[in-house]
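*Asks:* Got a file for you: coords_9.txt, compact mmCIF, C-alpha atoms.
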```txt
# COMPACT_ATOMS: atom_id res chain seq x y z
CA MET A 1 0.00 0.00 0.00
CA PRO A 2 1.41 3.44 -0.90
CA GLN A 3 2.49 5.39 2.15
CA ARG A 4 0.11 8.28 1.43
CA CYS A 5 -2.85 5.87 1.53
CA ARG A 6 -2.05 4.41 4.96
CA TYR A 7 -4.42 5.40 7.74
CA ASP A 8 -2.95 7.69 10.37
CA PRO A 9 -5.21 8.31 13.40
CA GLU A 10 -3.28 11.51 14.09
CA ASN A 11 -3.93 12.75 10.58
CA PRO A 12 -7.04 11.05 9.12
CA PRO A 13 -7.61 11.33 5.37
CA SER A 14 -9.16 14.59 4.26
CA PHE A 15 -11.94 14.56 1.71
CA THR A 16 -10.84 16.65 -1.25
CA LEU A 17 -12.45 17.46 -4.59
CA SER A 18 -9.96 15.18 -6.35
CA MET A 19 -10.95 12.31 -4.04
CA ASN A 20 -14.62 13.00 -4.79
CA ILE A 21 -13.94 12.91 -8.53
CA LEU A 22 -11.89 9.70 -8.19
CA LEU A 23 -14.75 7.91 -6.44
CA ALA A 24 -17.22 9.20 -9.03
CA PHE A 25 -14.95 8.03 -11.88
CA SER A 26 -14.61 4.61 -10.25
CA GLY A 27 -18.36 4.32 -9.88
CA THR A 28 -18.84 5.26 -13.54
CA PHE A 29 -16.67 2.49 -14.95
CA THR A 30 -17.74 -0.23 -12.55
CA VAL A 31 -21.52 0.27 -12.68
CA ALA A 32 -21.23 0.41 -16.49
CA ASN A 33 -20.62 -3.36 -16.40
CA LEU A 34 -24.36 -3.84 -15.87
CA TYR A 35 -25.40 -1.98 -19.01
CA TYR A 36 -22.99 -2.81 -21.83
CA ALA A 37 -25.13 -5.75 -22.98
CA GLN A 38 -28.50 -3.98 -23.03
CA PRO A 39 -28.23 -2.17 -26.41
CA ILE A 40 -26.65 -5.18 -28.17
CA LEU A 41 -28.87 -8.06 -27.05
CA ASN A 42 -29.94 -8.62 -30.67
CA VAL A 43 -26.27 -8.80 -31.70
CA LEU A 44 -25.53 -11.30 -28.92
CA ALA A 45 -28.51 -13.41 -30.02
CA GLU A 46 -27.10 -13.59 -33.52
CA GLU A 47 -23.53 -14.22 -32.35
CA PHE A 48 -24.45 -17.11 -30.05
CA ASP A 49 -27.30 -18.36 -32.26
CA VAL A 50 -29.99 -18.08 -29.58
CA SER A 51 -33.44 -16.50 -29.48
CA TYR A 52 -33.99 -12.91 -28.38
CA GLU A 53 -35.70 -14.23 -25.29
CA ARG A 54 -32.63 -16.23 -24.26
CA ALA A 55 -30.33 -13.34 -25.12
CA SER A 56 -32.29 -11.11 -22.75
CA ASN A 57 -31.10 -13.38 -19.93
CA VAL A 58 -27.69 -11.70 -20.20
CA ALA A 59 -29.09 -8.41 -18.89
CA ALA A 60 -31.44 -10.14 -16.45
CA LEU A 61 -28.71 -12.29 -14.89
CA SER A 62 -26.33 -9.33 -14.63
CA GLN A 63 -28.98 -7.49 -12.62
CA ALA A 64 -29.73 -10.61 -10.58
CA GLY A 65 -26.03 -10.97 -9.73
CA TYR A 66 -25.95 -7.32 -8.73
CA ALA A 67 -28.88 -7.92 -6.37
CA VAL A 68 -27.09 -10.90 -4.79
CA GLY A 69 -23.92 -8.88 -4.29
CA LEU A 70 -25.90 -5.98 -2.91
CA LEU A 71 -27.60 -8.11 -0.29
CA PHE A 72 -24.74 -10.41 0.73
CA LEU A 73 -21.50 -8.52 -0.01
CA CYS A 74 -22.26 -4.89 0.82
CA PRO A 75 -22.92 -5.55 4.54
CA LEU A 76 -19.37 -6.94 4.80
CA ALA A 77 -18.04 -3.42 4.28
CA ASP A 78 -19.15 -2.60 7.84
CA MET A 79 -16.97 -5.45 9.13
CA VAL A 80 -13.78 -5.42 7.03
CA PRO A 81 -11.34 -2.70 5.89
CA ARG A 82 -12.93 -1.12 2.85
CA ARG A 83 -9.87 -0.28 0.77
CA PRO A 84 -8.69 -3.92 0.31
CA PHE A 85 -12.32 -5.09 -0.01
CA ILE A 86 -13.05 -2.65 -2.85
CA LEU A 87 -9.78 -3.43 -4.64
CA PHE A 88 -10.35 -7.17 -4.30
CA LEU A 89 -13.87 -7.00 -5.77
CA ILE A 90 -12.73 -4.91 -8.75
CA TRP A 91 -9.76 -7.25 -9.39
CA VAL A 92 -11.91 -10.40 -9.26
CA THR A 93 -14.61 -8.91 -11.48
CA ALA A 94 -12.13 -7.55 -14.03
CA THR A 95 -10.33 -10.88 -14.20
CA MET A 96 -13.55 -12.86 -14.74
CA TRP A 97 -14.45 -10.32 -17.42
CA ILE A 98 -11.75 -11.81 -19.67
CA GLY A 99 -14.01 -14.83 -20.05
CA LEU A 100 -16.80 -12.63 -21.42
CA CYS A 101 -14.38 -11.28 -24.02
CA LEU A 102 -13.25 -14.71 -25.19
CA THR A 103 -15.97 -17.34 -24.69
CA THR A 104 -17.95 -18.72 -27.62
CA LYS A 105 -20.44 -20.64 -25.48
CA PHE A 106 -23.64 -18.86 -24.46
CA ASP A 107 -24.08 -20.76 -21.20
CA VAL A 108 -20.61 -19.71 -20.11
CA PHE A 109 -21.33 -16.13 -21.16
CA ILE A 110 -24.51 -15.79 -19.08
CA SER A 111 -22.90 -17.54 -16.09
CA LEU A 112 -19.99 -15.11 -16.15
CA SER A 113 -22.43 -12.21 -16.59
CA PHE A 114 -24.11 -13.25 -13.34
CA LEU A 115 -20.79 -13.55 -11.46
CA CYS A 116 -19.55 -10.21 -12.77
CA GLY A 117 -22.84 -8.67 -11.67
CA VAL A 118 -22.19 -9.94 -8.13
CA GLY A 119 -18.83 -8.17 -8.05
CA THR A 120 -20.13 -4.93 -9.56
CA VAL A 121 -21.43 -3.66 -6.22
CA THR A 122 -18.36 -1.51 -5.57
CA PRO A 123 -20.26 1.75 -6.35
CA GLN A 124 -22.58 0.92 -3.46
CA LEU A 125 -19.52 0.64 -1.22
CA MET A 126 -18.24 4.04 -2.32
CA LEU A 127 -21.41 5.93 -1.44
CA PRO A 128 -21.26 5.09 2.29
CA LEU A 129 -17.51 5.80 2.16
CA VAL A 130 -18.32 9.32 0.97
CA GLY A 131 -20.78 9.54 3.85
CA ASP A 132 -17.92 8.76 6.23
CA LEU A 133 -15.23 10.94 4.68
CA ALA A 134 -17.12 14.05 3.58
CA PRO A 135 -17.74 16.81 6.16
CA ALA A 136 -21.38 17.16 7.20
CA HIS A 137 -21.91 20.51 5.49
CA ARG A 138 -20.71 19.05 2.15
CA ARG A 139 -22.06 15.52 2.41
CA ALA A 140 -25.08 15.91 0.13
CA SER A 141 -23.17 17.71 -2.64
CA SER A 142 -20.32 15.18 -2.39
CA LEU A 143 -22.77 12.29 -2.65
CA SER A 144 -24.43 13.93 -5.65
CA VAL A 145 -21.09 13.93 -7.51
CA VAL A 146 -20.74 10.16 -7.03
CA VAL A 147 -24.41 9.52 -7.88
CA SER A 148 -23.92 11.58 -11.03
CA GLY A 149 -20.95 9.35 -11.82
CA LEU A 150 -23.25 6.34 -11.67
CA ALA A 151 -25.70 8.04 -14.04
CA LEU A 152 -22.80 8.81 -16.36
CA GLY A 153 -21.79 5.13 -16.25
CA LEU A 154 -25.22 4.11 -17.49
CA LEU A 155 -25.01 6.74 -20.24
CA ILE A 156 -21.52 5.77 -21.38
CA ALA A 157 -22.26 2.04 -21.37
CA ARG A 158 -25.44 2.26 -23.42
CA VAL A 159 -24.21 4.79 -25.97
CA LEU A 160 -20.69 3.43 -26.37
CA SER A 161 -21.87 -0.15 -26.62
CA GLY A 162 -24.39 0.65 -29.33
CA VAL A 163 -21.95 2.73 -31.36
CA VAL A 164 -19.01 0.30 -31.10
CA ALA A 165 -21.17 -2.74 -31.93
CA ASN A 166 -22.68 -0.87 -34.86
CA PHE A 167 -19.31 -0.28 -36.54
CA THR A 168 -17.01 -3.03 -35.20
CA SER A 169 -17.22 -6.36 -33.36
CA TRP A 170 -19.32 -6.36 -30.19
CA ARG A 171 -16.37 -7.95 -28.37
CA ASN A 172 -14.44 -4.69 -28.65
CA ILE A 173 -16.76 -2.99 -26.15
CA TYR A 174 -16.11 -5.83 -23.69
CA TRP A 175 -12.35 -5.47 -24.16
CA LEU A 176 -12.72 -1.74 -23.62
CA ALA A 177 -14.65 -2.41 -20.41
CA PHE A 178 -11.92 -4.80 -19.29
CA GLY A 179 -9.30 -2.09 -19.74
CA ALA A 180 -11.45 0.49 -17.93
CA GLN A 181 -11.80 -1.81 -14.91
CA TYR A 182 -8.05 -2.37 -14.60
CA LEU A 183 -7.44 1.35 -15.03
CA THR A 184 -9.90 1.97 -12.19
CA LEU A 185 -8.13 -0.66 -10.08
CA ALA A 186 -4.74 1.01 -10.65
CA LEU A 187 -6.03 4.49 -9.78
CA LEU A 188 -7.70 3.28 -6.59
CA PHE A 189 -4.60 1.32 -5.57
CA PHE A 190 -2.47 4.46 -5.71
CA PHE A 191 -4.96 7.00 -4.36
CA LEU A 192 -7.79 5.40 -2.34
CA PRO A 193 -7.06 6.05 1.37
CA ASP A 194 -7.26 3.29 3.94
CA TYR A 195 -9.93 3.52 6.61
CA PRO A 196 -10.29 1.52 9.83
CA THR A 197 -12.76 -1.30 10.27
CA LYS A 198 -15.92 0.15 11.78
CA ASN A 199 -17.17 -2.93 13.65
CA ILE A 200 -14.58 -5.41 14.90
CA GLY A 201 -16.02 -8.85 15.55
CA LEU A 202 -19.49 -8.14 14.15
CA ASN A 203 -21.25 -11.38 13.28
CA TYR A 204 -22.21 -11.54 9.60
CA PHE A 205 -25.57 -13.25 10.12
CA LYS A 206 -26.42 -10.94 12.96
CA ALA A 207 -25.71 -8.01 10.64
CA LEU A 208 -28.10 -9.41 8.02
CA TRP A 209 -30.82 -9.84 10.64
CA GLY A 210 -30.10 -6.35 11.95
CA MET A 211 -30.94 -4.89 8.54
CA ALA A 212 -34.43 -6.38 8.72
CA VAL A 213 -34.83 -5.05 12.25
CA MET A 214 -33.84 -1.54 11.19
CA VAL A 215 -36.67 -1.39 8.64
CA VAL A 216 -39.34 -1.97 11.29
CA THR A 217 -37.77 0.13 14.05
CA GLU A 218 -36.55 3.21 12.16
CA PRO A 219 -39.42 5.35 10.79
CA LEU A 220 -37.00 7.53 8.81
CA LEU A 221 -35.42 4.52 7.09
CA LEU A 222 -38.80 3.01 6.18
CA GLN A 223 -40.03 6.34 4.82
CA ALA A 224 -36.90 6.73 2.68
CA CYS A 225 -37.08 3.12 1.46
CA ILE A 226 -40.72 3.41 0.37
CA ILE A 227 -39.93 6.61 -1.52
CA GLY A 228 -36.87 4.95 -3.12
CA PHE A 229 -39.03 1.96 -4.11
CA LEU A 230 -41.60 4.17 -5.85
CA LEU A 231 -38.93 6.36 -7.49
CA SER A 232 -37.23 3.31 -8.98
CA ALA A 233 -40.54 1.84 -10.15
CA ALA A 234 -41.38 5.00 -12.10
CA PHE A 235 -37.83 5.22 -13.49
CA THR A 236 -37.66 1.72 -14.95
CA SER A 237 -41.28 1.79 -16.13
CA PHE A 238 -40.51 4.88 -18.22
CA TRP A 239 -37.23 3.73 -19.73
CA THR A 240 -38.61 0.27 -20.57
CA THR A 241 -41.75 1.49 -22.32
CA LEU A 242 -39.98 4.43 -23.99
CA THR A 243 -38.25 2.01 -26.37
CA PHE A 244 -41.63 0.64 -27.51
CA LEU A 245 -43.05 4.14 -27.95
CA LEU A 246 -40.16 5.48 -30.03
CA ALA A 247 -39.95 2.35 -32.18
CA SER A 248 -43.64 2.63 -33.09
CA PRO A 249 -45.57 5.13 -35.24
CA PRO A 250 -45.47 8.10 -35.47
CA TYR A 251 -41.75 7.99 -34.57
CA GLU A 252 -40.33 4.67 -35.82
CA TYR A 253 -36.81 5.54 -34.63
CA THR A 254 -33.85 3.22 -35.15
CA SER A 255 -32.13 1.58 -32.18
CA LEU A 256 -29.23 4.04 -32.54
CA GLU A 257 -31.61 7.01 -32.43
CA ILE A 258 -33.36 5.57 -29.40
CA GLY A 259 -30.00 5.03 -27.73
CA CYS A 260 -29.21 8.73 -28.16
CA PHE A 261 -31.89 9.46 -25.54
CA ALA A 262 -29.29 8.34 -23.02
CA PHE A 263 -27.48 11.64 -23.66
CA ILE A 264 -30.21 13.26 -21.58
CA GLY A 265 -28.25 11.90 -18.63
CA ILE A 266 -25.73 14.68 -19.23
CA VAL A 267 -28.31 17.17 -17.93
CA VAL A 268 -28.59 15.16 -14.72
CA VAL A 269 -24.83 15.01 -14.30
CA ALA A 270 -24.59 18.77 -14.74
CA LEU A 271 -27.51 19.74 -12.48
CA ALA A 272 -27.04 17.36 -9.56
CA PRO A 273 -24.04 19.00 -7.79
CA ILE A 274 -25.57 22.46 -8.28
CA TRP A 275 -28.92 21.38 -6.84
CA SER A 276 -27.25 19.66 -3.90
CA ARG A 277 -25.10 22.68 -3.07
CA LEU A 278 -28.00 25.17 -3.33
CA ILE A 279 -30.87 23.08 -1.94
CA THR A 280 -29.93 19.79 -0.30
CA ASP A 281 -27.01 21.13 1.76
CA ARG A 282 -29.03 24.12 2.98
CA PHE A 283 -32.48 22.75 3.73
CA ALA A 284 -33.91 19.76 5.52
CA PHE A 285 -33.25 16.65 3.46
CA LEU A 286 -36.96 15.83 3.29
CA PHE A 287 -37.63 19.20 1.62
CA SER A 288 -35.18 18.31 -1.16
CA VAL A 289 -36.80 14.87 -1.50
CA VAL A 290 -40.32 16.27 -1.89
CA LEU A 291 -39.12 19.04 -4.21
CA GLY A 292 -37.38 16.47 -6.43
CA LEU A 293 -40.53 14.33 -6.47
CA ALA A 294 -42.67 17.33 -7.44
CA PHE A 295 -40.21 18.21 -10.22
CA GLU A 296 -40.45 14.66 -11.53
CA PHE A 297 -44.26 14.58 -11.18
CA VAL A 298 -44.68 17.61 -13.46
CA GLY A 299 -42.50 16.04 -16.16
CA ILE A 300 -44.43 12.75 -16.05
CA VAL A 301 -47.80 14.47 -16.36
CA ILE A 302 -46.63 16.51 -19.38
CA SER A 303 -45.20 13.43 -21.10
CA THR A 304 -48.14 11.13 -20.40
CA PHE A 305 -50.59 13.35 -22.25
CA THR A 306 -48.32 14.62 -25.05
CA GLY A 307 -45.88 11.76 -25.70
CA SER A 308 -48.16 9.97 -28.16
CA PHE A 309 -47.91 12.77 -30.74
CA THR A 310 -44.76 14.81 -29.97
CA VAL A 311 -41.29 13.65 -28.99
CA ALA A 312 -40.97 16.77 -26.82
CA GLY A 313 -43.07 14.99 -24.20
CA PRO A 314 -40.66 12.08 -23.60
CA ILE A 315 -37.68 14.47 -23.72
CA ILE A 316 -39.19 16.69 -21.01
CA HIS A 317 -40.14 13.57 -19.07
CA ALA A 318 -36.63 12.16 -19.24
CA ILE A 319 -34.95 15.40 -18.15
CA MET A 320 -37.32 16.17 -15.29
CA MET A 321 -37.66 12.56 -14.11
CA ASP A 322 -33.95 11.75 -14.15
CA SER A 323 -33.11 15.04 -12.45
CA GLY A 324 -35.87 14.77 -9.84
CA ALA A 325 -35.02 11.15 -9.06
CA ASN A 326 -31.33 12.01 -8.69
CA PHE A 327 -32.13 14.87 -6.29
CA ALA A 328 -34.49 12.73 -4.22
CA HIS A 329 -32.18 9.71 -4.02
CA THR A 330 -29.22 11.88 -2.98
CA ALA A 331 -31.22 13.61 -0.24
CA ASN A 332 -32.65 10.29 0.94
CA ARG A 333 -29.18 8.79 1.27
CA SER A 334 -27.81 11.85 3.03
CA ASN A 335 -30.68 11.62 5.50
CA ILE A 336 -30.49 7.92 6.35
CA TYR A 337 -26.68 7.88 6.61
CA ASN A 338 -27.10 9.94 9.77
CA LEU A 339 -28.97 7.13 11.52
CA ASP A 340 -25.87 5.17 12.53
CA SER A 341 -22.36 6.01 11.36
CA LYS A 342 -21.20 2.44 12.06
CA ALA A 343 -23.90 0.86 9.90
CA ARG A 344 -23.90 3.02 6.76
CA ASN A 345 -23.17 0.12 4.42
CA ARG A 346 -26.01 -1.92 5.88
CA ILE A 347 -28.34 1.07 5.77
CA ASN A 348 -27.39 1.66 2.13
CA THR A 349 -28.00 -2.04 1.41
CA VAL A 350 -31.52 -1.86 2.85
CA TYR A 351 -32.27 1.23 0.78
CA MET A 352 -30.92 -0.31 -2.42
CA VAL A 353 -32.82 -3.58 -1.91
CA PHE A 354 -36.05 -1.57 -1.82
CA ALA A 355 -34.94 0.41 -4.88
CA PHE A 356 -34.08 -2.78 -6.76
CA ALA A 357 -37.48 -4.28 -5.90
CA GLY A 358 -39.05 -1.09 -7.24
CA GLN A 359 -37.18 -1.52 -10.51
CA ILE A 360 -38.55 -5.04 -10.91
CA MET A 361 -42.11 -3.93 -10.17
CA GLY A 362 -41.84 -0.88 -12.44
CA THR A 363 -40.64 -2.97 -15.37
CA SER A 364 -43.43 -5.51 -14.91
CA VAL A 365 -46.24 -3.02 -14.37
CA GLY A 366 -45.06 -0.63 -17.08
CA ASN A 367 -44.80 -3.36 -19.73
CA ARG A 368 -48.17 -4.86 -18.84
CA LEU A 369 -50.01 -1.53 -18.91
CA TYR A 370 -48.30 -0.42 -22.12
CA ALA A 371 -49.38 -3.67 -23.81
CA GLN A 372 -52.97 -3.14 -22.67
CA GLY A 373 -53.45 0.60 -23.02
CA GLY A 374 -50.38 2.14 -24.60
CA TRP A 375 -48.33 5.13 -23.47
CA VAL A 376 -51.09 6.86 -21.50
CA TRP A 377 -51.74 3.80 -19.35
CA SER A 378 -48.08 3.22 -18.52
CA GLY A 379 -47.63 6.95 -17.89
CA GLY A 380 -50.65 6.87 -15.58
CA SER A 381 -48.94 4.25 -13.44
CA ASN A 382 -45.87 6.52 -13.17
CA ILE A 383 -48.09 9.40 -12.05
CA ALA A 384 -49.51 7.10 -9.38
CA PHE A 385 -46.05 5.94 -8.23
CA ILE A 386 -44.73 9.48 -7.76
CA GLY A 387 -48.02 10.75 -6.35
CA VAL A 388 -47.92 8.13 -3.60
CA ALA A 389 -44.22 8.91 -3.00
CA ILE A 390 -45.07 12.59 -2.44
CA ILE A 391 -47.76 11.59 0.07
CA VAL A 392 -45.29 9.36 1.91
CA GLY A 393 -42.83 12.25 1.95
CA ILE A 394 -45.20 14.80 3.46
CA ILE A 395 -47.00 12.71 6.09
CA ARG A 396 -43.88 12.61 8.26
CA GLY A 397 -41.92 15.79 8.94
CA PRO A 398 -38.13 16.15 8.97
CA ARG A 399 -38.00 16.37 12.80
CA GLU A 400 -40.70 13.81 13.56
CA THR A 401 -39.47 10.88 15.65
CA GLY A 402 -42.61 8.78 15.24
CA TRP A 403 -44.10 7.14 12.20
CA ILE A 404 -46.46 9.97 11.13
CA GLY A 405 -46.77 13.66 11.93
CA TRP A 406 -45.09 17.06 12.06
CA SER A 407 -45.05 17.43 15.83
CA LYS A 408 -41.66 19.16 15.91
CA GLY A 409 -42.35 21.98 13.52
CA TRP A 410 -42.69 22.96 9.89
CA ASN A 411 -39.48 24.92 9.42
CA ILE A 412 -37.56 23.51 6.44
CA LYS A 413 -34.25 25.23 7.16
CA LYS A 414 -31.57 22.69 8.06
CA ASP A 415 -29.97 24.83 10.75
CA ASP A 416 -33.22 24.59 12.70
CA ILE A 417 -32.91 20.82 13.06
CA PRO A 418 -31.63 20.14 16.58
CA LYS A 419 -28.51 18.06 17.15
CA ALA A 420 -29.09 14.69 18.75
CA GLU A 421 -27.09 12.25 20.76
CA PRO A 422 -25.31 9.60 18.67
CA ALA A 423 -27.60 6.75 17.79
CA VAL A 424 -27.10 3.55 19.71
CA SER A 425 -26.13 0.87 17.23
CA THR A 426 -28.18 -2.28 17.06
CA ASP A 427 -24.85 -4.04 17.57
CA THR A 428 -24.04 -2.59 20.98
CA ASP A 429 -22.16 -5.70 22.01
CA VAL A 430 -19.67 -5.23 19.20
CA GLU A 431 -16.36 -3.57 19.91
CA ALA A 432 -15.90 -0.77 17.42
CA ALA A 433 -12.59 0.31 15.99
CA PRO A 434 -11.46 3.77 17.11
CA ALA A 435 -13.21 6.20 14.82
CA PRO A 436 -11.23 9.00 13.23
CA PRO A 437 -12.02 12.53 14.32
CA GLU A 438 -15.07 13.99 12.65
CA GLN A 439 -14.20 16.45 9.94
CA SER A 440 -16.97 18.85 10.82
CA ASN A 441 -18.52 19.92 14.07
CA GLU A 442 -21.82 19.99 12.26
CA GLU A 443 -21.90 16.19 12.26
CA GLY A 444 -24.77 14.78 14.29
CA LEU A 445 -26.48 11.48 14.17
CA ALA A 446 -30.25 11.39 14.08
CA GLU A 447 -32.07 10.22 17.19
CA LYS A 448 -33.07 6.61 17.35
CA ALA A 449 -36.77 6.70 16.66
CA PRO A 450 -39.13 4.64 18.78
CA ALA A 451 -40.97 1.81 17.15
CA SER A 452 -44.30 3.53 17.58
CA LYS A 453 -45.61 6.89 18.54
```
Mind turning the file's structure into structure tokens?
*Replies:*
Amino acid sequence: MPQRCRYDPENPPSFTLSMNILLAFSGTFTVANLYYAQPILNVLAEEFDVSYERASNVAALSQAGYAVGLLFLCPLADMVPRRPFILFLIWVTATMWIGLCLTTKFDVFISLSFLCGVGTVTPQLMLPLVGDLAPAHRRASSLSVVVSGLALGLLIARVLSGVVANFTSWRNIYWLAFGAQYLTLALLFFFLPDYPTKNIGLNYFKALWGMAVMVVTEPLLLQACIIGFLLSAAFTSFWTTLTFLLASPPYEYTSLEIGCFAFIGIVVVALAPIWSRLITDRFAFLFSVVLGLAFEFVGIVISTFTGSFTVAGPIIHAIMMDSGANFAHTANRSNIYNLDSKARNRINTVYMVFAFAGQIMGTSVGNRLYAQGGWVWSGGSNIAFIGVAIIVGIIRGPRETGWIGWSKGWNIKKDDIPKAEPAVSTDTDVEAAPAPPEQSNEEGLAEKAPASK
């Protein structure tokens, strides 16, 4: 390990802009692994001589592997040193990726896609790391930079994959991804700082059970998870049915033209840090969540009733929905990371499991309604998803300690939120490693909420 990366309790690592950009870059080229195959499933079907239905298993198994890694690997980051854990996962995934570049057997290809999906959870390890390293007054804007990096990864993967496969062999995009992963590994090896283990001796199975307990004992976490579930449902419902809309009359766009819609993600990448600095860092996190939901709601309504006859509708929808969802997810994460500083990876896992379940439901519901009633029906379901999310967001105030209510005021300014005693971890019998000094005196953990009010 390079000397500058070694942890020094007398001089803990400072969170700089360059470190923020490094983590965002790493998230971009690791999460992209999940999306390279999506625009070229027809090419893979032809290459391996399988049906389109079987070829779609490549994308499905990659996502399934990601879900497995999310649930069973991410909690380990609360128990082991994160620097070697992150480097190990990237190295293993990048090495297995060689098989995807070389194999000529479809069964091997989909098996490796699943295994690589399991190891592609490193972006979900970096987000809690930002929560630990960034000072409290910059946490939301710092998280938004990394979240924007994930959005950029989706954009790069889909666009680059479609373009490269259109003009050269599809295997070239996989070789390019292989090189990007090893480049990421090298950069993190030389610049990612070490950080002490947060929970020494924590039992793995107890940690998994503790995640289920947190959902039913932490009103704030449950509120954030339900909102994340509904946000993800609307997101995947839109992007799945958009392909059908644009490929049909009156548009009849080619797959390359449809893929260009991914460039809308650039707007999200550009707006997210600005929004977080001006809104999320200054106001109560819940205010930013509800504002992002309202922003998204307006875009969905416009698109639902105009998208059938003008492409402006889906464009407005994509910009406002992607931006609103990014704002809401960032504020949600910033909020729940304050629950327990020693359990941020487990808290993030719980949140992402709900979000992943929302993606599955959104895809299923959106496809079914589009098949039965077209764009208006699927858009109507998105209006319902975000409408319910707004209701969930406003029935419990930012200072409420119970399940429902605004008993502690309506002021949305963040500086009005009182500091609380550090939350008592659900793993109180676990000896924690000495924590580094907090980088901001504004840091405060949210109060442990009672199970009922």
*Asks:* Select from segment 47-141 of chain A every residue with an atom at most 12 Å from any atom of segment 31-39 of chain A, then for each give the shortest pair of atoms and their distance in Å to one decimal, using only C-alpha atoms, rows by chain and rising number, as a tab-separated table.
*Replies:*
```
residue	atom	partner	partner_atom	distance
A:Tyr52	CA	A:Gln38	CA	11.8
A:Ala55	CA	A:Ala37	CA	9.4
A:Ser56	CA	A:Gln38	CA	8.1
A:Asn57	CA	A:Ala37	CA	10.2
A:Val58	CA	A:Ala37	CA	7.0
A:Ala59	CA	A:Gln38	CA	6.1
A:Ala60	CA	A:Gln38	CA	9.5
A:Leu61	CA	A:Leu34	CA	9.6
A:Ser62	CA	A:Leu34	CA	6.0
A:Gln63	CA	A:Leu34	CA	6.7
A:Ala64	CA	A:Leu34	CA	10.1
A:Gly65	CA	A:Leu34	CA	9.6
A:Tyr66	CA	A:Leu34	CA	8.1
A:Ala67	CA	A:Leu34	CA	11.3
A:Ile90	CA	A:Val31	CA	10.9
A:Thr93	CA	A:Asn33	CA	9.5
A:Ala94	CA	A:Asn33	CA	9.8
A:Met96	CA	A:Asn33	CA	12.0
A:Trp97	CA	A:Asn33	CA	9.4
A:Leu100	CA	A:Ala37	CA	10.9
A:Phe109	CA	A:Ala37	CA	11.2
A:Ile110	CA	A:Ala37	CA	10.8
A:Leu112	CA	A:Asn33	CA	11.8
A:Ser113	CA	A:Leu34	CA	8.6
A:Phe114	CA	A:Leu34	CA	9.7
A:Leu115	CA	A:Leu34	CA	11.2
A:Cys116	CA	A:Asn33	CA	7.8
A:Gly117	CA	A:Leu34	CA	6.6
A:Val118	CA	A:Leu34	CA	10.1
A:Gly119	CA	A:Asn33	CA	9.8
A:Thr120	CA	A:Val31	CA	6.2
A:Val121	CA	A:Val31	CA	7.6
A:Thr122	CA	A:Val31	CA	8.0
A:Pro123	CA	A:Val31	CA	6.6
A:Gln124	CA	A:Val31	CA	9.3
A:Leu125	CA	A:Val31	CA	11.6
A:Met126	CA	A:Val31	CA	11.5
```
*Asks:* With all atoms listed in the file as the basis for distance, which of A:Thr330, A:Val376, A:Ile40, A:Phe191 is at the shortest distance from Ser26 of chain A?
*Replies:*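 Result for the nearest residue to Ser26 of chain A: A:Phe191.
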*Asks:* Compile the contact shell of segment 225-238 of chain A as an mmCIF file with C-alpha atoms, in the frame of the given file: residues with an atom at most 7 Å away, counting all atoms listed in the file, same-chain residues fewer than 5 positions apart removed.
*Replies:*
```cif
data_model
loop_
_atom_site.group_PDB
_atom_site.id
_atom_site.type_symbol
_atom_site.label_atom_id
_atom_site.label_comp_id
_atom_site.auth_asym_id
_atom_site.auth_seq_id
_atom_site.Cartn_x
_atom_site.Cartn_y
_atom_site.Cartn_z
ATOM 1 C CA ALA A 325 -35.020 11.150 -9.060
ATOM 2 C CA HIS A 329 -32.180 9.710 -4.020
ATOM 3 C CA TYR A 351 -32.270 1.230 0.780
ATOM 4 C CA PHE A 354 -36.050 -1.570 -1.820
ATOM 5 C CA ALA A 355 -34.940 0.410 -4.880
ATOM 6 C CA ALA A 357 -37.480 -4.280 -5.900
ATOM 7 C CA GLY A 358 -39.050 -1.090 -7.240
ATOM 8 C CA GLN A 359 -37.180 -1.520 -10.510
ATOM 9 C CA MET A 361 -42.110 -3.930 -10.170
ATOM 10 C CA GLY A 362 -41.840 -0.880 -12.440
ATOM 11 C CA THR A 363 -40.640 -2.970 -15.370
ATOM 12 C CA GLY A 366 -45.060 -0.630 -17.080
ATOM 13 C CA ASN A 382 -45.870 6.520 -13.170
ATOM 14 C CA PHE A 385 -46.050 5.940 -8.230
ATOM 15 C CA ILE A 386 -44.730 9.480 -7.760
ATOM 16 C CA ALA A 389 -44.220 8.910 -3.000
ATOM 17 C CA VAL A 392 -45.290 9.360 1.910
#
```
*Asks:* Smallest atom-to-atom distance to Ala331 of chain A: which of A:Gly201, A:Gly27, A:Gly393, A:Gly313, using all atoms listed in the file?
*Replies:*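 The answer is A:Gly393, which sits nearest to Ala331 of chain A.
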*Asks:* Taking 4 positions as the minimum chain separation for residues in the same chain, which residues sit within 9 Å of Gly149 of chain A when counting only C-alpha atoms? Answer as a PyMOL selection string.
*Replies:* chain A and resi 21+23-29+144-145+153-154+269
*Asks:* Under the rule that only C-alpha atoms are counted, which of A:Phe327, A:Tyr195, A:Phe261, A:Tyr337 is the nearest residue to Leu242 of chain A?
*Replies:*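 Among A:Phe327, A:Tyr195, A:Phe261, A:Tyr337, it is A:Phe261 that comes nearest to Leu242 of chain A.
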*Asks:* In the coordinate frame of the file, compute which residues have an atom within 10 Å of (-10.2, 13.7, 2.5) when using only C-alpha atoms, and state them as a list in words.
*Replies:*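 The residues that fall inside the cut-off are Pro12, Pro13, Ser14, Phe15, Thr16, Leu17, Ser18, Met19, Asn20, Val130, Asp132, Leu133, Ala134, Pro135, Leu192, Pro193 and Gln439 of chain A.
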